[in-house]
>>> print(open('upload07.cif').read())   # mmCIF, C-alpha atoms
data_target
loop_
_atom_site.label_atom_id
_atom_site.label_comp_id
_atom_site.auth_asym_id
_atom_site.auth_seq_id
_atom_site.Cartn_x
_atom_site.Cartn_y
_atom_site.Cartn_z
CA MET A 8 36.91 8.67 -69.57
CA ASP A 9 33.14 8.74 -69.29
CA ALA A 10 31.89 9.95 -65.91
CA LEU A 11 29.59 6.98 -65.34
CA GLU A 12 32.35 4.54 -66.29
CA ALA A 13 34.70 6.21 -63.82
CA ILE A 14 32.03 6.03 -61.10
CA HIS A 15 31.25 2.35 -61.71
CA THR A 16 34.77 1.01 -62.28
CA ARG A 17 36.45 2.87 -59.44
CA ARG A 18 37.39 0.41 -56.75
CA SER A 19 39.84 0.36 -53.87
CA ILE A 20 43.30 -0.36 -55.29
CA ARG A 21 45.67 -1.73 -52.67
CA GLU A 22 48.59 -2.85 -54.85
CA PHE A 23 50.57 -0.56 -57.07
CA GLU A 24 53.05 -0.99 -59.92
CA PRO A 25 56.47 -0.71 -58.30
CA GLY A 26 58.64 2.11 -59.56
CA ARG A 27 55.99 3.75 -61.75
CA GLU A 28 55.67 7.36 -60.66
CA VAL A 29 52.70 9.72 -60.66
CA SER A 30 53.54 12.99 -62.40
CA ASP A 31 53.13 16.43 -60.90
CA GLU A 32 50.62 17.15 -63.67
CA GLN A 33 48.51 14.14 -62.67
CA LEU A 34 48.67 15.22 -59.05
CA GLN A 35 47.53 18.69 -60.01
CA THR A 36 44.60 17.21 -61.94
CA VAL A 37 43.33 15.14 -59.02
CA LEU A 38 43.80 17.97 -56.51
CA ALA A 39 41.94 20.41 -58.76
CA ALA A 40 39.12 17.88 -59.04
CA ALA A 41 39.02 17.53 -55.26
CA MET A 42 38.78 21.30 -54.81
CA ALA A 43 35.92 21.46 -57.32
CA ALA A 44 33.66 19.70 -54.82
CA PRO A 45 30.64 21.42 -53.32
CA SER A 46 30.80 22.54 -49.69
CA ALA A 47 28.31 24.09 -47.30
CA GLY A 48 28.31 27.83 -47.96
CA ASN A 49 31.11 27.17 -50.48
CA SER A 50 33.51 27.24 -47.52
CA GLN A 51 36.01 24.77 -49.07
CA PRO A 52 37.32 23.73 -45.64
CA TRP A 53 40.03 21.39 -46.98
CA HIS A 54 43.78 20.95 -47.24
CA PHE A 55 45.86 18.29 -48.98
CA VAL A 56 49.24 17.05 -47.80
CA VAL A 57 51.04 15.32 -50.66
CA VAL A 58 53.69 12.86 -49.52
CA ARG A 59 56.24 11.27 -51.85
CA ASN A 60 58.98 10.93 -49.22
CA ALA A 61 59.46 7.22 -48.47
CA THR A 62 60.26 7.68 -44.79
CA ILE A 63 57.09 9.67 -44.17
CA ARG A 64 55.02 7.21 -46.22
CA GLU A 65 56.37 4.36 -44.13
CA ARG A 66 55.38 6.14 -40.95
CA LEU A 67 51.88 6.75 -42.35
CA SER A 68 51.61 3.08 -43.37
CA THR A 69 51.58 1.94 -39.73
CA VAL A 70 48.94 4.35 -38.43
CA HIS A 71 46.23 1.69 -38.65
CA PRO A 72 45.90 -1.82 -40.08
CA TYR A 73 44.23 -0.77 -43.33
CA VAL A 74 46.90 1.47 -44.79
CA PRO A 75 50.09 -0.62 -45.28
CA MET A 76 50.03 0.31 -48.98
CA ALA A 77 51.04 3.87 -48.06
CA ALA A 78 54.57 2.45 -47.96
CA THR A 79 54.45 1.10 -51.51
CA ALA A 80 52.30 3.66 -53.33
CA PRO A 81 54.43 6.28 -55.10
CA VAL A 82 52.40 9.09 -53.58
CA VAL A 83 50.05 9.47 -50.64
CA ILE A 84 47.55 12.28 -50.24
CA VAL A 85 46.38 13.07 -46.72
CA VAL A 86 43.11 14.98 -46.90
CA CYS A 87 42.67 17.35 -43.97
CA ALA A 88 39.92 19.63 -42.72
CA GLU A 89 40.15 23.07 -41.18
CA PRO A 90 36.77 23.48 -39.46
CA ALA A 91 37.48 27.15 -38.67
CA LEU A 92 36.97 27.86 -42.38
CA GLU A 93 33.33 26.78 -42.18
CA VAL A 94 30.42 29.10 -42.88
CA TYR A 95 27.78 26.72 -41.51
CA PRO A 96 29.34 24.72 -38.67
CA GLY A 97 29.22 20.96 -38.65
CA PHE A 98 29.32 20.14 -42.35
CA TRP A 99 33.08 19.81 -42.88
CA PRO A 100 33.17 15.98 -42.83
CA GLN A 101 30.61 15.99 -45.65
CA ASP A 102 32.48 18.69 -47.58
CA CYS A 103 35.81 16.90 -47.31
CA SER A 104 34.22 13.59 -48.26
CA ALA A 105 32.82 15.11 -51.44
CA ALA A 106 36.33 16.37 -52.22
CA ILE A 107 37.82 12.93 -51.60
CA GLN A 108 35.26 11.27 -53.88
CA ASN A 109 36.08 13.76 -56.64
CA LEU A 110 39.77 12.97 -56.13
CA LEU A 111 39.19 9.21 -56.42
CA LEU A 112 37.14 9.62 -59.58
CA ALA A 113 39.62 11.98 -61.22
CA ALA A 114 42.41 9.51 -60.43
CA ARG A 115 40.36 6.67 -61.92
CA SER A 116 39.79 8.71 -65.07
CA LEU A 117 43.60 9.06 -65.40
CA GLY A 118 44.11 5.32 -64.91
CA LEU A 119 45.41 5.80 -61.39
CA GLY A 120 44.32 3.65 -58.47
CA THR A 121 43.49 4.92 -55.00
CA VAL A 122 42.19 3.64 -51.70
CA TRP A 123 40.31 5.83 -49.21
CA THR A 124 41.47 4.85 -45.74
CA GLY A 125 39.63 6.76 -43.04
CA LEU A 126 41.14 8.48 -40.01
CA TYR A 127 38.52 10.79 -38.52
CA PRO A 128 36.59 10.23 -36.24
CA ASN A 129 39.23 7.94 -34.67
CA GLN A 130 40.97 10.43 -32.39
CA GLN A 131 44.05 8.29 -31.86
CA HIS A 132 44.63 7.84 -35.59
CA CYS A 133 44.10 11.56 -36.17
CA ASP A 134 46.58 12.48 -33.45
CA THR A 135 49.21 10.12 -34.83
CA VAL A 136 48.93 11.51 -38.35
CA ALA A 137 48.87 15.10 -37.08
CA ALA A 138 52.18 14.43 -35.33
CA ILE A 139 53.77 12.76 -38.38
CA LEU A 140 52.79 15.63 -40.69
CA ASN A 141 53.29 18.45 -38.20
CA LEU A 142 49.70 19.63 -38.63
CA PRO A 143 48.85 22.85 -36.79
CA PRO A 144 46.19 22.86 -34.07
CA GLY A 145 42.73 23.03 -35.62
CA VAL A 146 43.62 20.99 -38.70
CA ILE A 147 42.11 17.49 -38.68
CA PRO A 148 43.38 14.67 -40.89
CA MET A 149 40.33 13.02 -42.47
CA ALA A 150 41.78 10.26 -44.61
CA ILE A 151 44.97 8.81 -46.05
CA VAL A 152 44.68 8.17 -49.79
CA PRO A 153 47.57 6.18 -51.34
CA MET A 154 47.68 6.59 -55.13
CA GLY A 155 49.59 5.01 -58.00
CA TYR A 156 49.30 2.89 -61.11
CA PRO A 157 47.28 -0.16 -60.16
CA ALA A 158 48.71 -3.66 -60.01
CA GLN A 159 45.10 -4.85 -59.76
CA GLU A 160 42.42 -4.59 -62.42
CA PHE A 161 39.77 -1.93 -62.36
CA ARG A 162 36.41 -3.57 -62.77
CA ARG A 163 32.78 -2.74 -62.50
CA GLN A 164 31.44 -3.07 -58.96
CA GLU A 165 27.85 -4.26 -58.62
CA ARG A 166 26.39 -2.61 -55.56
CA TYR A 167 22.90 -1.58 -56.62
CA LYS A 168 20.32 -2.57 -54.02
CA PRO A 169 16.73 -1.87 -55.10
CA GLU A 170 15.51 -2.20 -51.50
CA ARG A 171 17.44 0.96 -50.61
CA VAL A 172 15.15 3.06 -52.82
CA HIS A 173 11.90 4.26 -51.25
CA LEU A 174 9.21 5.98 -53.33
CA GLU A 175 7.48 9.14 -52.04
CA SER A 176 8.13 8.23 -48.38
CA TRP A 177 9.51 5.34 -46.35
CA MET B 14 30.40 13.11 -70.64
CA ASP B 15 34.03 13.14 -69.59
CA ALA B 16 34.53 12.58 -65.88
CA LEU B 17 36.74 15.63 -65.38
CA GLU B 18 34.28 17.81 -67.27
CA ALA B 19 31.43 16.58 -65.07
CA ILE B 20 33.50 17.27 -61.95
CA HIS B 21 34.47 20.80 -63.02
CA THR B 22 31.17 21.95 -64.52
CA ARG B 23 28.91 20.59 -61.79
CA ARG B 24 27.49 23.46 -59.81
CA SER B 25 24.51 23.97 -57.55
CA ILE B 26 21.42 24.37 -59.74
CA ARG B 27 18.61 26.13 -57.93
CA GLU B 28 16.21 26.80 -60.82
CA PHE B 29 14.66 24.12 -62.96
CA GLU B 30 12.83 23.99 -66.28
CA PRO B 31 9.14 23.95 -65.37
CA GLY B 32 7.23 20.91 -66.53
CA ARG B 33 10.23 18.97 -67.81
CA GLU B 34 10.26 15.61 -66.07
CA VAL B 35 13.11 13.34 -65.04
CA SER B 36 12.58 9.80 -66.33
CA ASP B 37 12.62 6.67 -64.20
CA GLU B 38 15.64 5.53 -66.22
CA GLN B 39 17.53 8.71 -65.38
CA LEU B 40 16.63 8.28 -61.72
CA GLN B 41 17.89 4.70 -61.81
CA THR B 42 21.17 5.90 -63.34
CA VAL B 43 21.85 8.47 -60.65
CA LEU B 44 20.84 6.11 -57.82
CA ALA B 45 23.07 3.34 -59.18
CA ALA B 46 25.93 5.84 -59.33
CA ALA B 47 25.27 6.85 -55.72
CA MET B 48 25.34 3.22 -54.59
CA ALA B 49 28.66 2.66 -56.40
CA ALA B 50 30.38 4.88 -53.84
CA PRO B 51 33.01 3.51 -51.49
CA SER B 52 32.11 3.05 -47.83
CA ALA B 53 34.03 2.00 -44.74
CA GLY B 54 34.10 -1.81 -44.73
CA ASN B 55 31.87 -1.67 -47.84
CA SER B 56 28.94 -1.24 -45.46
CA GLN B 57 26.84 0.85 -47.88
CA PRO B 58 24.88 2.46 -45.04
CA TRP B 59 22.57 4.49 -47.27
CA HIS B 60 18.95 4.80 -48.35
CA PHE B 61 17.30 7.08 -50.91
CA VAL B 62 13.78 8.44 -50.68
CA VAL B 63 12.61 9.61 -54.10
CA VAL B 64 9.84 12.19 -53.97
CA ARG B 65 7.85 13.28 -57.01
CA ASN B 66 4.65 14.04 -55.08
CA ALA B 67 4.09 17.82 -55.12
CA THR B 68 2.56 17.99 -51.64
CA ILE B 69 5.50 16.20 -50.06
CA ARG B 70 7.98 18.29 -52.04
CA GLU B 71 6.29 21.45 -50.80
CA ARG B 72 6.58 20.26 -47.21
CA LEU B 73 10.27 19.50 -47.76
CA SER B 74 10.81 22.93 -49.32
CA THR B 75 10.12 24.69 -46.02
CA VAL B 76 12.42 22.59 -43.80
CA HIS B 77 15.17 25.22 -43.93
CA PRO B 78 15.83 28.45 -45.86
CA TYR B 79 18.10 26.87 -48.48
CA VAL B 80 15.73 24.36 -50.03
CA PRO B 81 12.76 26.27 -51.51
CA MET B 82 13.56 24.70 -54.90
CA ALA B 83 12.30 21.35 -53.60
CA ALA B 84 8.85 22.70 -54.45
CA THR B 85 9.71 23.41 -58.09
CA ALA B 86 12.13 20.61 -58.96
CA PRO B 87 10.35 17.67 -60.63
CA VAL B 88 11.98 15.21 -58.28
CA VAL B 89 13.68 15.39 -54.90
CA ILE B 90 16.01 12.74 -53.52
CA VAL B 91 16.42 12.60 -49.76
CA VAL B 92 19.63 10.74 -48.94
CA CYS B 93 19.44 8.94 -45.61
CA ALA B 94 21.83 6.95 -43.46
CA GLU B 95 21.23 3.83 -41.41
CA PRO B 96 24.18 3.79 -39.00
CA ALA B 97 23.26 0.30 -37.74
CA LEU B 98 24.52 -1.04 -41.10
CA GLU B 99 28.05 0.13 -40.34
CA VAL B 100 31.00 -2.24 -40.03
CA TYR B 101 33.35 0.41 -38.60
CA PRO B 102 31.29 2.84 -36.52
CA GLY B 103 31.46 6.55 -37.14
CA PHE B 104 32.13 6.72 -40.88
CA TRP B 105 28.57 6.88 -42.19
CA PRO B 106 28.52 10.65 -42.83
CA GLN B 107 31.59 10.21 -45.03
CA ASP B 108 30.11 7.17 -46.80
CA CYS B 109 26.83 8.92 -47.53
CA SER B 110 28.64 12.05 -48.70
CA ALA B 111 30.62 10.01 -51.22
CA ALA B 112 27.32 8.57 -52.45
CA ILE B 113 25.80 12.04 -52.76
CA GLN B 114 28.78 13.32 -54.73
CA ASN B 115 28.50 10.37 -57.12
CA LEU B 116 24.80 11.17 -57.50
CA LEU B 117 25.48 14.83 -58.32
CA LEU B 118 28.13 13.92 -60.88
CA ALA B 119 25.99 11.27 -62.56
CA ALA B 120 23.14 13.78 -62.79
CA ARG B 121 25.50 16.36 -64.32
CA SER B 122 26.65 13.80 -66.88
CA LEU B 123 22.99 13.34 -67.90
CA GLY B 124 22.45 17.09 -68.19
CA LEU B 125 20.46 17.21 -64.96
CA GLY B 126 20.98 19.85 -62.31
CA THR B 127 21.08 19.23 -58.58
CA VAL B 128 21.70 21.09 -55.36
CA TRP B 129 23.00 19.39 -52.20
CA THR B 130 21.18 20.95 -49.26
CA GLY B 131 22.40 19.57 -45.97
CA LEU B 132 20.30 18.39 -43.03
CA TYR B 133 22.51 16.42 -40.67
CA PRO B 134 23.95 17.39 -38.19
CA ASN B 135 21.11 19.88 -37.59
CA GLN B 136 18.89 17.81 -35.31
CA GLN B 137 15.79 19.95 -35.81
CA HIS B 138 15.99 19.74 -39.60
CA CYS B 139 16.57 15.98 -39.40
CA ASP B 140 13.57 15.50 -37.11
CA THR B 141 11.31 17.55 -39.38
CA VAL B 142 12.27 15.56 -42.47
CA ALA B 143 12.02 12.24 -40.62
CA ALA B 144 8.43 13.16 -39.71
CA ILE B 145 7.52 14.25 -43.26
CA LEU B 146 8.90 11.02 -44.79
CA ASN B 147 7.85 8.68 -41.99
CA LEU B 148 11.42 7.49 -41.49
CA PRO B 149 11.82 4.67 -38.98
CA PRO B 150 13.90 5.17 -35.81
CA GLY B 151 17.59 4.81 -36.59
CA VAL B 152 17.38 6.25 -40.09
CA ILE B 153 18.91 9.73 -40.37
CA PRO B 154 18.16 12.09 -43.26
CA MET B 155 21.50 13.50 -44.43
CA ALA B 156 20.55 15.81 -47.29
CA ILE B 157 17.75 16.93 -49.57
CA VAL B 158 18.80 16.93 -53.24
CA PRO B 159 16.31 18.56 -55.66
CA MET B 160 16.96 17.48 -59.26
CA GLY B 161 15.72 18.49 -62.68
CA TYR B 162 16.65 20.03 -65.99
CA PRO B 163 18.49 23.25 -65.20
CA ALA B 164 17.13 26.70 -65.95
CA GLN B 165 20.63 27.99 -65.18
CA GLU B 166 23.79 27.31 -67.18
CA PHE B 167 26.33 24.75 -66.12
CA ARG B 168 29.74 26.36 -66.13
CA ARG B 169 33.24 25.63 -64.99
CA GLN B 170 33.82 26.59 -61.37
CA GLU B 171 37.29 27.88 -60.52
CA ARG B 172 38.06 26.83 -56.99
CA TYR B 173 41.68 25.69 -57.13
CA LYS B 174 43.70 27.17 -54.26
CA PRO B 175 47.43 26.35 -54.46
CA GLU B 176 47.91 27.33 -50.82
CA ARG B 177 45.77 24.36 -49.77
CA VAL B 178 48.42 21.94 -51.08
CA HIS B 179 51.28 21.09 -48.71
CA LEU B 180 54.29 19.09 -49.88
CA GLU B 181 55.66 16.24 -47.73
CA SER B 182 54.31 17.77 -44.50
CA TRP B 183 52.62 20.97 -43.32
#
>>> encode(input="upload07.cif", output="structure tokens")
Amino acid sequence: MDALEAIHTRRSIREFEPGREVSDEQLQTVLAAAMAAPSAGNSQPWHFVVVRNATIRERLSTVHPYVPMAATAPVVIVVCAEPALEVYPGFWPQDCSAAIQNLLLAARSLGLGTVWTGLYPNQQHCDTVAAILNLPPGVIPMAIVPMGYPAQEFRRQERYKPERVHLESW
Amino acid sequence: MDALEAIHTRRSIREFEPGREVSDEQLQTVLAAAMAAPSAGNSQPWHFVVVRNATIRERLSTVHPYVPMAATAPVVIVVCAEPALEVYPGFWPQDCSAAIQNLLLAARSLGLGTVWTGLYPNQQHCDTVAAILNLPPGVIPMAIVPMGYPAQEFRRQERYKPERVHLESW
């Protein structure tokens, strides 16, 4: 799929085709895309916890009000940061966000739907997910990304706002 | 260009073809791609300052040691955040990073090179850029992104690390 089409037709998918699995090969493709993201000093300060287990997905689905679809998506990817891996401190939220965006776009290009549900910087949500996934100290869960075949249509999102572009200076 | 190819062959381009301009249409394409990014609550808390002026680019090129190519790139995009636009506070660095990644990928798909040079959370660098671009209070410069036709080759980056993938839990 064309890169610009993937960018413009990616949307948050919150309903998934029941019983239709995501293959290990598809998972590998989206994770490789995520890890191809740029990062400050090329530090790659990310980890990915891949959850297919229904019991764990159900626990994740109640972490906050915007992630119930973790229970019904065939697979959930929890994107985590390990700030100790940084070369230039302070940039890991940006690095991990670039990785997540790559992941969403790669999924879209495979016909898979995703929804980026944030955790960090909500400390309570981070702590809850860290406990569910047994994350070691120093690893921060950034976002829960349910993924599966969409039961909603992809469609072009119109978000361009000309007033957000400033020429030469503000 | 295929989305996965754009993702895997995007790299930081730090040298640009002298004298080869980026068209307004190309700029529009990459800015539209940036604004197609997801954001928490669809708040779209971003702004883009597009700088072609050589004097301003030269001033930007000395803000920190990693952005000298702002002086030689035909155009520089400074991605800014306006946190007051947020619906769910605290997510704007992630939102703006998703927009930047879309911008880099759209540029790659057009054959244009970019390099994401971070500003935030370095307060001194942010203040310097805010002064150069006359940013209003409450607008935070996130990153300086020089863009132009590359004088370096795009090539596939191999960054996949299997040990960063954890199955079911850590």
>>> residues_around(input="upload07.cif", residues="Ser116 of chain A", least_positions_apart="3", cutoff="7 Å", atoms="all atoms listed in the file", output="PDB file with C-alpha atoms, in the coordinates of the input")
ATOM      1  CA  MET A   8      36.910   8.670 -69.570  1.00  0.00           C
ATOM      2  CA  ALA A  13      34.700   6.210 -63.820  1.00  0.00           C
ATOM      3  CA  LEU A 112      37.140   9.620 -59.580  1.00  0.00           C
ATOM      4  CA  ALA A 113      39.620  11.980 -61.220  1.00  0.00           C
TER       5      ALA A 113
ATOM      6  CA  ALA B  16      34.530  12.580 -65.880  1.00  0.00           C
TER       7      ALA B  16
END
>>> residues_near_point(input="upload07.cif", point="(15.3, 18.5, -59.1)", cutoff="6 Å", atoms="all atoms listed in the file", output="MDAnalysis selection string")
chainID B and resid 86:89 127 159:161
>>> resolve_selection(input="upload07.cif", expression="the PyMOL selection byres ((chain B) within 6 of (chain A))", output="ChimeraX atom specification")
/B:14-16,21,45,48-49,60-64,107,110-111,114,146-148,172-173,177-183
>>> resolve_selection(input="upload07.cif", expression="the PyMOL selection byres ((chain B and resi 152) around 6)", output="number ranges by chain")
B: 94-95, 149-151, 153
>>> write_last_selection(input="upload07.cif", atoms="C-alpha atoms", output="compact mmCIF listing (two decimals), keeping the file's coordinate frame")
# COMPACT_ATOMS: atom_id res chain seq x y z
CA ALA B 94 21.83 6.95 -43.46
CA GLU B 95 21.23 3.83 -41.41
CA PRO B 149 11.82 4.67 -38.98
CA PRO B 150 13.90 5.17 -35.81
CA GLY B 151 17.59 4.81 -36.59
CA ILE B 153 18.91 9.73 -40.37
>>> closest_residue(input="upload07.cif", among="A:Leu67, A:Ala78, A:Val94, A:Leu119", to="Val29 of chain A", atoms="all atoms listed in the file")
A:Leu119
>>> atom_distance(input="upload07.cif", atom1="atom CA of Glu65 of chain A", atom2="atom CA of Thr79 of chain A")
8.3 Å
>>> atom_distance(input="upload07.cif", atom1="atom CA of Ile20 of chain A", atom2="atom CA of Val136 of chain A")
21.4 Å
>>> atom_distance(input="upload07.cif", atom1="atom CA of Val76 of chain B", atom2="atom CA of Gln136 of chain B")
11.7 Å
>>> resolve_selection(input="upload07.cif", expression="the PyMOL selection byres ((chain A and resi 156) around 7)", output="tab-separated table (two decimals) with C-alpha atoms, keeping the file's coordinate frame")
chain	number	residue	atom	x	y	z
A	23	PHE	CA	50.57	-0.56	-57.07
A	24	GLU	CA	53.05	-0.99	-59.92
A	27	ARG	CA	55.99	3.75	-61.75
A	118	GLY	CA	44.11	5.32	-64.91
A	119	LEU	CA	45.41	5.80	-61.39
A	120	GLY	CA	44.32	3.65	-58.47
A	155	GLY	CA	49.59	5.01	-58.00
A	157	PRO	CA	47.28	-0.16	-60.16
A	158	ALA	CA	48.71	-3.66	-60.01
>>> axis_aligned_box(input="upload07.cif", around="segment 143-157 of chain A", padding_each_side="5 Å", output="JSON")
{"center_x": 45.0, "center_y": 11.4, "center_z": -47.6, "size_x": 19.3, "size_y": 33.2, "size_z": 37.0}
>>> build_atoms(input="upload07.cif", residues="segment 61-90 of chain A", atoms="N, CA and C atoms", output="PDB file, keeping the file's coordinate frame")
ATOM      1  N   ALA A  61      59.668   8.617 -48.868  1.00  0.00           N
ATOM      2  CA  ALA A  61      59.460   7.220 -48.470  1.00  0.00           C
ATOM      3  C   ALA A  61      59.427   7.054 -46.951  1.00  0.00           C
ATOM      4  N   THR A  62      60.228   7.817 -46.248  1.00  0.00           N
ATOM      5  CA  THR A  62      60.260   7.680 -44.790  1.00  0.00           C
ATOM      6  C   THR A  62      58.917   8.106 -44.183  1.00  0.00           C
ATOM      7  N   ILE A  63      58.385   9.206 -44.694  1.00  0.00           N
ATOM      8  CA  ILE A  63      57.090   9.670 -44.170  1.00  0.00           C
ATOM      9  C   ILE A  63      55.972   8.703 -44.576  1.00  0.00           C
ATOM     10  N   ARG A  64      56.043   8.185 -45.806  1.00  0.00           N
ATOM     11  CA  ARG A  64      55.020   7.210 -46.220  1.00  0.00           C
ATOM     12  C   ARG A  64      55.062   5.958 -45.350  1.00  0.00           C
ATOM     13  N   GLU A  65      56.262   5.544 -45.002  1.00  0.00           N
ATOM     14  CA  GLU A  65      56.370   4.360 -44.130  1.00  0.00           C
ATOM     15  C   GLU A  65      55.764   4.631 -42.762  1.00  0.00           C
ATOM     16  N   ARG A  66      55.979   5.822 -42.250  1.00  0.00           N
ATOM     17  CA  ARG A  66      55.380   6.140 -40.950  1.00  0.00           C
ATOM     18  C   ARG A  66      53.846   6.150 -41.057  1.00  0.00           C
ATOM     19  N   LEU A  67      53.343   6.722 -42.154  1.00  0.00           N
ATOM     20  CA  LEU A  67      51.880   6.750 -42.350  1.00  0.00           C
ATOM     21  C   LEU A  67      51.326   5.323 -42.490  1.00  0.00           C
ATOM     22  N   SER A  68      52.106   4.435 -43.063  1.00  0.00           N
ATOM     23  CA  SER A  68      51.610   3.080 -43.370  1.00  0.00           C
ATOM     24  C   SER A  68      51.327   2.249 -42.115  1.00  0.00           C
ATOM     25  N   THR A  69      51.794   2.720 -40.959  1.00  0.00           N
ATOM     26  CA  THR A  69      51.580   1.940 -39.730  1.00  0.00           C
ATOM     27  C   THR A  69      50.570   2.596 -38.797  1.00  0.00           C
ATOM     28  N   VAL A  70      49.893   3.621 -39.286  1.00  0.00           N
ATOM     29  CA  VAL A  70      48.940   4.350 -38.430  1.00  0.00           C
ATOM     30  C   VAL A  70      47.760   3.463 -38.040  1.00  0.00           C
ATOM     31  N   HIS A  71      47.302   2.648 -38.960  1.00  0.00           N
ATOM     32  CA  HIS A  71      46.230   1.690 -38.650  1.00  0.00           C
ATOM     33  C   HIS A  71      46.382   0.488 -39.586  1.00  0.00           C
ATOM     34  N   PRO A  72      45.625  -0.570 -39.338  1.00  0.00           N
ATOM     35  CA  PRO A  72      45.900  -1.820 -40.080  1.00  0.00           C
ATOM     36  C   PRO A  72      45.486  -1.807 -41.554  1.00  0.00           C
ATOM     37  N   TYR A  73      44.800  -0.755 -41.981  1.00  0.00           N
ATOM     38  CA  TYR A  73      44.230  -0.770 -43.330  1.00  0.00           C
ATOM     39  C   TYR A  73      45.002   0.092 -44.311  1.00  0.00           C
ATOM     40  N   VAL A  74      46.176   0.537 -43.920  1.00  0.00           N
ATOM     41  CA  VAL A  74      46.900   1.470 -44.790  1.00  0.00           C
ATOM     42  C   VAL A  74      48.362   1.073 -45.032  1.00  0.00           C
ATOM     43  N   PRO A  75      48.693  -0.239 -45.031  1.00  0.00           N
ATOM     44  CA  PRO A  75      50.090  -0.620 -45.280  1.00  0.00           C
ATOM     45  C   PRO A  75      50.564  -0.180 -46.666  1.00  0.00           C
ATOM     46  N   MET A  76      49.632  -0.054 -47.616  1.00  0.00           N
ATOM     47  CA  MET A  76      50.030   0.310 -48.980  1.00  0.00           C
ATOM     48  C   MET A  76      50.517   1.754 -49.109  1.00  0.00           C
ATOM     49  N   ALA A  77      50.422   2.539 -48.037  1.00  0.00           N
ATOM     50  CA  ALA A  77      51.040   3.870 -48.060  1.00  0.00           C
ATOM     51  C   ALA A  77      52.550   3.762 -48.247  1.00  0.00           C
ATOM     52  N   ALA A  78      53.116   2.636 -47.827  1.00  0.00           N
ATOM     53  CA  ALA A  78      54.570   2.450 -47.960  1.00  0.00           C
ATOM     54  C   ALA A  78      54.974   2.135 -49.393  1.00  0.00           C
ATOM     55  N   THR A  79      54.087   1.546 -50.169  1.00  0.00           N
ATOM     56  CA  THR A  79      54.450   1.100 -51.510  1.00  0.00           C
ATOM     57  C   THR A  79      53.859   1.960 -52.629  1.00  0.00           C
ATOM     58  N   ALA A  80      52.849   2.743 -52.325  1.00  0.00           N
ATOM     59  CA  ALA A  80      52.300   3.660 -53.330  1.00  0.00           C
ATOM     60  C   ALA A  80      53.317   4.766 -53.587  1.00  0.00           C
ATOM     61  N   PRO A  81      53.452   5.228 -54.836  1.00  0.00           N
ATOM     62  CA  PRO A  81      54.430   6.280 -55.100  1.00  0.00           C
ATOM     63  C   PRO A  81      54.087   7.609 -54.437  1.00  0.00           C
ATOM     64  N   VAL A  82      52.805   7.833 -54.204  1.00  0.00           N
ATOM     65  CA  VAL A  82      52.400   9.090 -53.580  1.00  0.00           C
ATOM     66  C   VAL A  82      51.199   8.834 -52.670  1.00  0.00           C
ATOM     67  N   VAL A  83      51.149   9.580 -51.598  1.00  0.00           N
ATOM     68  CA  VAL A  83      50.050   9.470 -50.640  1.00  0.00           C
ATOM     69  C   VAL A  83      49.506  10.875 -50.413  1.00  0.00           C
ATOM     70  N   ILE A  84      48.190  10.992 -50.489  1.00  0.00           N
ATOM     71  CA  ILE A  84      47.550  12.280 -50.240  1.00  0.00           C
ATOM     72  C   ILE A  84      46.782  12.170 -48.918  1.00  0.00           C
ATOM     73  N   VAL A  85      47.126  13.028 -47.980  1.00  0.00           N
ATOM     74  CA  VAL A  85      46.380  13.070 -46.720  1.00  0.00           C
ATOM     75  C   VAL A  85      45.426  14.260 -46.811  1.00  0.00           C
ATOM     76  N   VAL A  86      44.137  13.942 -46.799  1.00  0.00           N
ATOM     77  CA  VAL A  86      43.110  14.980 -46.900  1.00  0.00           C
ATOM     78  C   VAL A  86      42.780  15.460 -45.497  1.00  0.00           C
ATOM     79  N   CYS A  87      42.880  16.758 -45.295  1.00  0.00           N
ATOM     80  CA  CYS A  87      42.670  17.350 -43.970  1.00  0.00           C
ATOM     81  C   CYS A  87      41.538  18.374 -44.016  1.00  0.00           C
ATOM     82  N   ALA A  88      40.974  18.628 -42.860  1.00  0.00           N
ATOM     83  CA  ALA A  88      39.920  19.630 -42.720  1.00  0.00           C
ATOM     84  C   ALA A  88      40.397  20.753 -41.796  1.00  0.00           C
ATOM     85  N   GLU A  89      39.935  21.946 -42.096  1.00  0.00           N
ATOM     86  CA  GLU A  89      40.150  23.070 -41.180  1.00  0.00           C
ATOM     87  C   GLU A  89      38.777  23.632 -40.833  1.00  0.00           C
ATOM     88  N   PRO A  90      38.152  23.089 -39.776  1.00  0.00           N
ATOM     89  CA  PRO A  90      36.770  23.480 -39.460  1.00  0.00           C
ATOM     90  C   PRO A  90      36.586  24.985 -39.249  1.00  0.00           C
TER      91      PRO A  90
END
